[in-house]
$ cat model00.pdb   # PDB, C-alpha atoms and all ligand atoms
ATOM      1  CA  MET A   1    -159.451  27.364 252.032
ATOM      2  CA  ALA A   2    -162.285  27.452 249.493
ATOM      3  CA  ASP A   3    -164.951  24.773 249.775
ATOM      4  CA  PRO A   4    -164.637  21.922 247.283
ATOM      5  CA  LEU A   5    -167.196  21.864 244.479
ATOM      6  CA  LEU A   6    -168.853  18.810 245.992
ATOM      7  CA  ARG A   7    -168.868  16.987 249.283
ATOM      8  CA  MET A   8    -170.939  13.892 250.094
ATOM      9  CA  GLU A   9    -170.854  12.776 253.712
ATOM     10  CA  GLY A  10    -172.021   9.611 255.434
ATOM     11  CA  ILE A  11    -174.281   8.462 252.599
ATOM     12  CA  GLU A  12    -176.365   5.385 253.489
ATOM     13  CA  LYS A  13    -178.782   3.467 251.289
ATOM     14  CA  SER A  14    -180.499   0.112 251.695
ATOM     15  CA  PHE A  15    -182.780  -1.729 249.290
ATOM     16  CA  GLY A  16    -184.732  -4.060 251.576
ATOM     17  CA  ALA A  17    -182.122  -6.267 253.213
ATOM     18  CA  ILE A  18    -179.311  -5.116 250.890
ATOM     19  CA  ARG A  19    -177.108  -2.406 252.388
ATOM     20  CA  ALA A  20    -175.937  -0.861 249.144
ATOM     21  CA  LEU A  21    -174.101   2.085 250.786
ATOM     22  CA  ARG A  22    -172.733   2.134 254.329
ATOM     23  CA  GLY A  23    -171.634   5.647 255.195
ATOM     24  CA  VAL A  24    -169.778   6.774 252.078
ATOM     25  CA  SER A  25    -168.087  10.182 251.810
ATOM     26  CA  LEU A  26    -166.322  11.883 248.946
ATOM     27  CA  ALA A  27    -165.110  15.289 247.846
ATOM     28  CA  LEU A  28    -164.530  16.636 244.360
ATOM     29  CA  ASP A  29    -162.953  19.843 243.075
ATOM     30  CA  ARG A  30    -163.762  21.924 240.022
ATOM     31  CA  GLY A  31    -162.278  20.416 236.871
ATOM     32  CA  GLU A  32    -161.157  17.300 238.717
ATOM     33  CA  ALA A  33    -161.796  13.808 237.346
ATOM     34  CA  LEU A  34    -162.496  11.163 239.973
ATOM     35  CA  ALA A  35    -162.537   7.483 239.055
ATOM     36  CA  LEU A  36    -165.036   5.381 240.984
ATOM     37  CA  VAL A  37    -164.135   1.705 240.878
ATOM     38  CA  GLY A  38    -165.159  -1.494 242.640
ATOM     39  CA  ASP A  39    -166.555  -4.907 241.921
ATOM     40  CA  ASN A  40    -170.097  -5.515 240.657
ATOM     41  CA  ALA A  41    -172.682  -4.427 243.261
ATOM     42  CA  ALA A  42    -170.106  -2.391 245.231
ATOM     43  CA  GLY A  43    -172.543   0.545 245.192
ATOM     44  CA  LYS A  44    -170.965   2.819 242.566
ATOM     45  CA  SER A  45    -174.076   3.475 240.471
ATOM     46  CA  THR A  46    -176.262   3.870 243.550
ATOM     47  CA  LEU A  47    -173.912   6.483 245.042
ATOM     48  CA  MET A  48    -173.940   8.474 241.816
ATOM     49  CA  LYS A  49    -177.715   8.122 241.338
ATOM     50  CA  ILE A  50    -178.041   9.768 244.741
ATOM     51  CA  LEU A  51    -175.898  12.618 243.440
ATOM     52  CA  SER A  52    -177.999  12.939 240.269
ATOM     53  CA  GLY A  53    -181.261  12.925 242.210
ATOM     54  CA  ALA A  54    -182.454   9.587 240.781
ATOM     55  CA  VAL A  55    -182.227   7.782 244.158
ATOM     56  CA  PHE A  56    -182.961   9.298 247.565
ATOM     57  CA  PRO A  57    -180.503   8.387 250.346
ATOM     58  CA  ASP A  58    -181.567   6.982 253.744
ATOM     59  CA  ALA A  59    -178.990   9.179 255.487
ATOM     60  CA  GLY A  60    -176.087  11.499 254.741
ATOM     61  CA  ARG A  61    -175.535  14.998 253.451
ATOM     62  CA  ILE A  62    -174.528  16.606 250.159
ATOM     63  CA  TYR A  63    -172.828  20.012 249.943
ATOM     64  CA  LEU A  64    -172.227  22.037 246.778
ATOM     65  CA  GLU A  65    -169.615  24.734 247.262
ATOM     66  CA  GLY A  66    -170.121  24.323 250.990
ATOM     67  CA  LYS A  67    -173.915  24.748 250.917
ATOM     68  CA  PRO A  68    -176.167  21.849 251.934
ATOM     69  CA  VAL A  69    -178.401  20.654 249.086
ATOM     70  CA  VAL A  70    -181.199  18.082 248.786
ATOM     71  CA  PHE A  71    -182.023  16.483 245.440
ATOM     72  CA  ARG A  72    -185.543  15.047 245.249
ATOM     73  CA  ASP A  73    -185.331  14.270 241.527
ATOM     74  CA  PRO A  74    -182.908  14.667 238.583
ATOM     75  CA  PRO A  75    -184.258  18.136 237.606
ATOM     76  CA  ASP A  76    -183.242  19.307 241.121
ATOM     77  CA  ALA A  77    -179.655  18.190 240.517
ATOM     78  CA  ARG A  78    -179.706  19.528 236.947
ATOM     79  CA  ARG A  79    -180.648  23.008 238.175
ATOM     80  CA  LEU A  80    -177.477  22.986 240.286
ATOM     81  CA  GLY A  81    -175.281  21.806 237.428
ATOM     82  CA  ILE A  82    -175.098  18.042 237.941
ATOM     83  CA  GLU A  83    -175.703  15.666 235.015
ATOM     84  CA  MET A  84    -175.398  11.887 234.866
ATOM     85  CA  VAL A  85    -175.062   9.643 231.830
ATOM     86  CA  TYR A  86    -176.539   6.352 233.036
ATOM     87  CA  GLN A  87    -175.118   2.893 232.428
ATOM     88  CA  ASP A  88    -178.057   2.092 230.107
ATOM     89  CA  LEU A  89    -177.806   5.547 228.419
ATOM     90  CA  SER A  90    -181.589   6.171 228.433
ATOM     91  CA  LEU A  91    -181.708   7.266 224.789
ATOM     92  CA  CYS A  92    -184.839   6.706 222.682
ATOM     93  CA  ASP A  93    -183.742   4.180 220.058
ATOM     94  CA  SER A  94    -186.357   4.983 217.438
ATOM     95  CA  VAL A  95    -185.848   8.743 217.751
ATOM     96  CA  ASP A  96    -183.162  10.542 215.741
ATOM     97  CA  VAL A  97    -179.966  12.096 217.098
ATOM     98  CA  GLY A  98    -181.262  15.682 217.118
ATOM     99  CA  LYS A  99    -184.532  14.840 218.816
ATOM    100  CA  ASN A 100    -182.714  12.746 221.440
ATOM    101  CA  LEU A 101    -180.458  15.706 222.215
ATOM    102  CA  PHE A 102    -183.431  18.029 222.706
ATOM    103  CA  LEU A 103    -185.905  15.527 224.167
ATOM    104  CA  GLY A 104    -188.334  17.366 226.419
ATOM    105  CA  ARG A 105    -187.120  20.862 225.412
ATOM    106  CA  GLU A 106    -187.587  20.932 221.640
ATOM    107  CA  PRO A 107    -187.363  24.386 220.025
ATOM    108  CA  ILE A 108    -190.819  25.571 219.002
ATOM    109  CA  HIS A 109    -191.989  28.197 216.533
ATOM    110  CA  ARG A 110    -195.492  29.283 215.622
ATOM    111  CA  ILE A 111    -197.123  28.789 212.254
ATOM    112  CA  ALA A 112    -200.487  30.613 212.009
ATOM    113  CA  GLY A 113    -200.386  30.883 215.806
ATOM    114  CA  ILE A 114    -199.984  27.134 216.299
ATOM    115  CA  PRO A 115    -196.841  25.915 218.124
ATOM    116  CA  VAL A 116    -194.814  23.609 215.883
ATOM    117  CA  LEU A 117    -191.478  21.880 216.357
ATOM    118  CA  ASP A 118    -188.785  24.068 214.772
ATOM    119  CA  GLU A 119    -186.811  21.337 213.031
ATOM    120  CA  ALA A 120    -184.425  23.732 211.288
ATOM    121  CA  VAL A 121    -183.292  25.165 214.636
ATOM    122  CA  LEU A 122    -183.226  21.738 216.300
ATOM    123  CA  TYR A 123    -180.950  20.145 213.700
ATOM    124  CA  ARG A 124    -178.761  23.234 213.357
ATOM    125  CA  ARG A 125    -178.192  23.378 217.122
ATOM    126  CA  THR A 126    -177.536  19.641 217.183
ATOM    127  CA  GLU A 127    -174.890  19.979 214.481
ATOM    128  CA  GLU A 128    -173.241  22.875 216.335
ATOM    129  CA  MET A 129    -173.275  20.952 219.606
ATOM    130  CA  LEU A 130    -171.767  17.787 218.103
ATOM    131  CA  ALA A 131    -169.159  19.780 216.179
ATOM    132  CA  SER A 132    -168.090  21.623 219.333
ATOM    133  CA  LEU A 133    -167.476  18.243 220.994
ATOM    134  CA  ASP A 134    -165.861  16.767 217.864
ATOM    135  CA  ILE A 135    -168.514  14.040 217.655
ATOM    136  CA  GLN A 136    -169.325  12.485 214.265
ATOM    137  CA  VAL A 137    -172.596  10.623 213.743
ATOM    138  CA  GLY A 138    -173.165  10.726 209.980
ATOM    139  CA  SER A 139    -176.574  12.367 210.090
ATOM    140  CA  VAL A 140    -178.351  14.144 212.946
ATOM    141  CA  ARG A 141    -181.585  12.767 211.430
ATOM    142  CA  LEU A 142    -180.566   9.136 211.940
ATOM    143  CA  PRO A 143    -182.457   7.169 214.626
ATOM    144  CA  VAL A 144    -179.937   6.357 217.353
ATOM    145  CA  ARG A 145    -180.519   2.600 216.975
ATOM    146  CA  PHE A 146    -178.452   2.806 213.787
ATOM    147  CA  LEU A 147    -175.438   4.271 215.599
ATOM    148  CA  SER A 148    -172.433   2.360 216.912
ATOM    149  CA  GLY A 149    -172.000   1.909 220.672
ATOM    150  CA  GLY A 150    -169.432   4.693 220.765
ATOM    151  CA  GLN A 151    -171.634   7.080 218.808
ATOM    152  CA  ARG A 152    -174.572   6.342 221.130
ATOM    153  CA  GLU A 153    -172.404   6.995 224.164
ATOM    154  CA  ALA A 154    -171.218  10.250 222.581
ATOM    155  CA  VAL A 155    -174.804  11.371 221.891
ATOM    156  CA  ALA A 156    -175.786  10.624 225.495
ATOM    157  CA  ILE A 157    -172.774  12.610 226.727
ATOM    158  CA  ALA A 158    -173.602  15.468 224.330
ATOM    159  CA  ARG A 159    -177.146  15.598 225.693
ATOM    160  CA  ALA A 160    -175.798  15.830 229.252
ATOM    161  CA  VAL A 161    -173.209  18.448 228.258
ATOM    162  CA  SER A 162    -175.886  20.565 226.558
ATOM    163  CA  PHE A 163    -177.226  21.352 230.040
ATOM    164  CA  GLN A 164    -173.797  22.927 230.748
ATOM    165  CA  PRO A 165    -173.072  20.941 233.907
ATOM    166  CA  ARG A 166    -170.361  21.767 236.430
ATOM    167  CA  LEU A 167    -170.227  18.106 237.317
ATOM    168  CA  LEU A 168    -170.721  15.273 234.863
ATOM    169  CA  ILE A 169    -171.120  11.664 236.012
ATOM    170  CA  LEU A 170    -170.312   8.962 233.457
ATOM    171  CA  ASP A 171    -171.387   5.443 234.460
ATOM    172  CA  GLU A 172    -169.202   2.959 232.555
ATOM    173  CA  PRO A 173    -168.988   5.066 229.387
ATOM    174  CA  THR A 174    -166.454   2.794 227.669
ATOM    175  CA  ALA A 175    -167.686  -0.627 228.805
ATOM    176  CA  ALA A 176    -169.205  -1.761 225.511
ATOM    177  CA  LEU A 177    -166.906   0.003 223.062
ATOM    178  CA  ALA A 178    -164.287  -1.010 220.519
ATOM    179  CA  VAL A 179    -160.762   0.373 220.896
ATOM    180  CA  LYS A 180    -161.144   3.347 218.529
ATOM    181  CA  GLU A 181    -164.436   4.367 220.121
ATOM    182  CA  VAL A 182    -162.929   4.185 223.599
ATOM    183  CA  GLU A 183    -160.276   6.655 222.451
ATOM    184  CA  LYS A 184    -162.946   9.079 221.239
ATOM    185  CA  VAL A 185    -164.841   8.977 224.533
ATOM    186  CA  LEU A 186    -161.612   9.455 226.517
ATOM    187  CA  ALA A 187    -160.695  12.428 224.318
ATOM    188  CA  LEU A 188    -164.135  13.887 224.947
ATOM    189  CA  VAL A 189    -163.635  13.516 228.708
ATOM    190  CA  GLN A 190    -160.259  15.280 228.427
ATOM    191  CA  ARG A 191    -161.834  18.164 226.537
ATOM    192  CA  LEU A 192    -164.597  18.612 229.121
ATOM    193  CA  LYS A 193    -162.054  18.504 231.933
ATOM    194  CA  ALA A 194    -160.013  21.172 230.185
ATOM    195  CA  GLN A 195    -163.167  23.313 230.142
ATOM    196  CA  GLY A 196    -163.328  23.015 233.944
ATOM    197  CA  VAL A 197    -166.090  20.410 234.192
ATOM    198  CA  ALA A 198    -165.665  18.066 237.170
ATOM    199  CA  ILE A 199    -166.088  14.420 236.206
ATOM    200  CA  VAL A 200    -166.919  11.218 238.041
ATOM    201  CA  PHE A 201    -165.900   8.306 235.844
ATOM    202  CA  ILE A 202    -167.205   4.876 236.849
ATOM    203  CA  SER A 203    -165.336   2.094 235.089
ATOM    204  CA  HIS A 204    -164.168  -1.502 235.241
ATOM    205  CA  ARG A 205    -161.617  -0.677 232.526
ATOM    206  CA  LEU A 206    -158.808   0.420 234.792
ATOM    207  CA  GLN A 207    -156.475   1.343 231.934
ATOM    208  CA  ASP A 208    -159.008   4.054 230.967
ATOM    209  CA  ILE A 209    -159.080   5.673 234.392
ATOM    210  CA  PHE A 210    -155.292   5.907 234.390
ATOM    211  CA  ARG A 211    -155.573   7.876 231.143
ATOM    212  CA  VAL A 212    -158.116  10.530 232.151
ATOM    213  CA  CYS A 213    -158.585  10.625 235.935
ATOM    214  CA  ASP A 214    -156.757  12.548 238.649
ATOM    215  CA  ARG A 215    -157.872  10.475 241.606
ATOM    216  CA  VAL A 216    -159.358   7.028 242.206
ATOM    217  CA  MET A 217    -161.796   5.940 244.895
ATOM    218  CA  VAL A 218    -162.289   2.222 245.485
ATOM    219  CA  MET A 219    -165.546   0.810 246.832
ATOM    220  CA  PHE A 220    -166.166  -2.619 248.288
ATOM    221  CA  GLU A 221    -169.585  -3.907 249.358
ATOM    222  CA  GLY A 222    -171.054  -0.476 249.965
ATOM    223  CA  GLU A 223    -168.028   1.040 251.649
ATOM    224  CA  GLN A 224    -165.243   3.197 250.383
ATOM    225  CA  VAL A 225    -162.035   1.309 251.091
ATOM    226  CA  ALA A 226    -159.332   3.499 249.551
ATOM    227  CA  GLU A 227    -158.605   6.713 247.748
ATOM    228  CA  ARG A 228    -155.403   7.563 245.859
ATOM    229  CA  PRO A 229    -154.108  10.233 243.512
ATOM    230  CA  ILE A 230    -153.685   8.446 240.173
ATOM    231  CA  ALA A 231    -150.064   9.582 240.022
ATOM    232  CA  GLU A 232    -149.365   7.787 243.311
ATOM    233  CA  THR A 233    -150.805   4.385 242.549
ATOM    234  CA  THR A 234    -150.499   1.579 240.021
ATOM    235  CA  LEU A 235    -152.867  -0.676 238.121
ATOM    236  CA  GLU A 236    -151.713  -3.585 240.323
ATOM    237  CA  GLU A 237    -152.463  -1.719 243.538
ATOM    238  CA  VAL A 238    -155.939  -0.678 242.351
ATOM    239  CA  ILE A 239    -156.733  -4.282 241.394
ATOM    240  CA  ARG A 240    -155.585  -5.456 244.832
ATOM    241  CA  LEU A 241    -157.802  -2.843 246.494
ATOM    242  CA  ILE A 242    -160.838  -3.829 244.410
ATOM    243  CA  VAL A 243    -160.604  -7.531 245.294
ATOM    244  CA  ARG A 244    -159.248  -6.868 248.774
ATOM    245  CA  ALA A 245    -161.249  -9.460 250.674
ATOM    246  CA  ALA A 246    -160.984 -12.143 248.019
TER     247      ALA A 246
HETATM  248  N1  LIG B   1    -183.365  -0.125 242.710
HETATM  249  C1  LIG B   1    -182.796  -1.137 243.372
HETATM  250  N2  LIG B   1    -183.543  -2.044 244.023
HETATM  251  C2  LIG B   1    -182.979  -3.063 244.709
HETATM  252  N3  LIG B   1    -181.656  -3.242 244.817
HETATM  253  C3  LIG B   1    -180.862  -2.369 244.198
HETATM  254  C4  LIG B   1    -181.374  -1.283 243.435
HETATM  255  N4  LIG B   1    -180.329  -0.572 242.947
HETATM  256  C5  LIG B   1    -179.216  -1.192 243.371
HETATM  257  N5  LIG B   1    -179.524  -2.275 244.127
HETATM  258  C6  LIG B   1    -178.552  -3.175 244.765
HETATM  259  O1  LIG B   1    -177.596  -2.370 245.420
HETATM  260  C7  LIG B   1    -176.298  -2.949 245.294
HETATM  261  C8  LIG B   1    -175.359  -1.945 244.654
HETATM  262  O2  LIG B   1    -175.738  -1.794 243.299
HETATM  263  P1  LIG B   1    -175.041  -0.768 242.300
HETATM  264  O3  LIG B   1    -175.820  -0.799 241.041
HETATM  265  O4  LIG B   1    -174.867   0.527 242.976
HETATM  266  O5  LIG B   1    -173.623  -1.446 242.090
HETATM  267  P2  LIG B   1    -172.433  -1.063 241.097
HETATM  268  O6  LIG B   1    -171.219  -0.883 241.933
HETATM  269  O7  LIG B   1    -172.842   0.031 240.211
HETATM  270  O8  LIG B   1    -172.257  -2.421 240.253
HETATM  271  P3  LIG B   1    -171.915  -2.670 238.688
HETATM  272  O9  LIG B   1    -170.440  -2.549 238.554
HETATM  273  O10 LIG B   1    -172.382  -4.071 238.452
HETATM  274  O11 LIG B   1    -172.669  -1.661 237.876
HETATM  275  C9  LIG B   1    -176.475  -4.245 244.506
HETATM  276  O12 LIG B   1    -176.576  -5.312 245.419
HETATM  277  C10 LIG B   1    -177.778  -4.017 243.774
HETATM  278  O13 LIG B   1    -178.429  -5.223 243.515
HETATM  279 MG    MG B   2    -173.203   0.184 238.180
END
$ encode --input "model00.pdb" --output "structure tokens" --more "lines below"
Ligand SMILES: Nc1ncnc2c1ncn2[C@@H]1O[C@H](COP(=O)(O)OP(=O)(O)OP(=O)(O)O)[C@@H](O)[C@H]1O
Ligand SMILES: [Mg+2]
Amino acid sequence: MADPLLRMEGIEKSFGAIRALRGVSLALDRGEALALVGDNAAGKSTLMKILSGAVFPDAGRIYLEGKPVVFRDPPDARRLGIEMVYQDLSLCDSVDVGKNLFLGREPIHRIAGIPVLDEAVLYRRTEEMLASLDIQVGSVRLPVRFLSGGQREAVAIARAVSFQPRLLILDEPTAALAVKEVEKVLALVQRLKAQGVAIVFISHRLQDIFRVCDRVMVMFEGEQVAERPIAETTLEEVIRLIVRAA
């Protein structure tokens, strides 16, 4: 059998006295959407930050297509096709949509030999990118602080997608959104899945994971306590698993 796209094995992480992760393992296939659920502080974000290179584990191994990999920082993970949209989005509020999308890799042209930001190319590519994902923001020259929560989330996802990841991690992408905006983000996830992108979807909104995910993994106090195909579980069962010890 072919190796899965991703395998994490025996991941451990402590912050001082807090054991955030106690030997967590997971596997993910190409184009598969995995929901990661669990109560506050269960360790979901920490596990995914390890996968995106933002946090270094104390122990455990990560394999991509069967090959062991070590991520020392997010660029390491990015080079191998892993992108994460963080819970706090990490957009620059005062910077416009286009410049957020291309932050750190702005297109440059030379005028009289001097390198200058090529705004025409930047905004054109931004418009193409947003159109291809069916994202509407009004103007690509608008600072992102003027956007709605859903538009901001979409811009953060578009930035991640522009790196053409094989695996996209979304940390609570619908938490702060109104109903219509939730629908847009879920549609975006469906489109990326259809393009073969593997997705990890962290959410407390269980109705959303039943809409877009194939499998659900439940964490409790740093451990993984259950895993189910979405088609073989119910909202009630997932809730029971999340609060299991309560
Ligand atoms: N950088 C850090 N320094 C210290 N403690 C941390 C750090 N990051 C996470 N923790 C702790 O690790 C535990 C797991 O946190 P994590 O953010 O992974 O939880 P989570 O499942 O994402 O929760 P939530 O649903 O609230 O986002 C928590 O007790 C948290 O306080
Ligand atoms: Mg979190």
$ residues_near_ligand --input "model00.pdb" --ligand "ligand LIG 1 (chain B)" --cutoff "10 Å" --atoms "only C-alpha atoms and all ligand atoms" --output "MDAnalysis selection string"
chainID A and resid 13:21 36:50 54:55 87 171:172 202:204 219:222
$ atom_distance --input "model00.pdb" --atom1 "CA of Glu9 (chain A)" --atom2 "CA of Pro229 (chain A)"
19.8 Å
$ resolve_selection --input "model00.pdb" --expression "the PyMOL selection byres (((chain A and resi 156) around 12) and not hetatm)" --output "VMD selection string"
chain A and resid 83 to 93 97 to 103 130 135 144 147 149 to 155 157 to 163 168 to 171 173 185
$ closest_residue --input "model00.pdb" --among "A:Glu106, A:Asp134, A:Glu32, A:Asp96" --to "Ala187 (chain A)" --atoms "all atoms listed in the file"
A:Asp134
$ resolve_selection --input "model00.pdb" --expression "the PyMOL selection byres (((chain A and resi 27) around 9) and not hetatm)" --output "MDAnalysis selection string"
chainID A and resid 4:9 25:26 28:29
$ resolve_selection --input "model00.pdb" --expression "the PyMOL selection byres (((chain A and resi 193) around 12) and not hetatm)" --output "list in words"
Asp29, Arg30, Gly31, Glu32, Ala33, Leu34, Val161, Pro165, Arg166, Leu167, Leu168, Leu186, Ala187, Leu188, Val189, Gln190, Arg191, Leu192, Ala194, Gln195, Gly196, Val197, Ala198, Ile199, Val200, Phe201, Val212, Cys213 and Asp214 of chain A
$ closest_residue --input "model00.pdb" --among "A:Ala175, A:His109, A:Asp58, A:Arg78" --to "ligand MG 2 (chain B)" --atoms "all atoms listed in the file"
A:Ala175
$ atom_distance --input "model00.pdb" --atom1 "CA of Pro143 (chain A)" --atom2 "CA of Tyr123 (chain A)"
13.1 Å
$ axis_aligned_box --input "model00.pdb" --around "region 81-96 of chain A" --padding-each-side "3 Å" --output "AutoDock Vina command-line options"
--center_x -180.7 --center_y 11.9 --center_z 226.8 --size_x 17.3 --size_y 25.7 --size_z 28.2
$ closest_residue --input "model00.pdb" --among "A:Gln207, A:Gln164, A:Thr234, A:Ser148" --to "Ala176 (chain A)" --atoms "only C-alpha atoms"
A:Ser148
$ atom_distance --input "model00.pdb" --atom1 "CA of Lys67 (chain A)" --atom2 "CA of Gly53 (chain A)"
16.4 Å
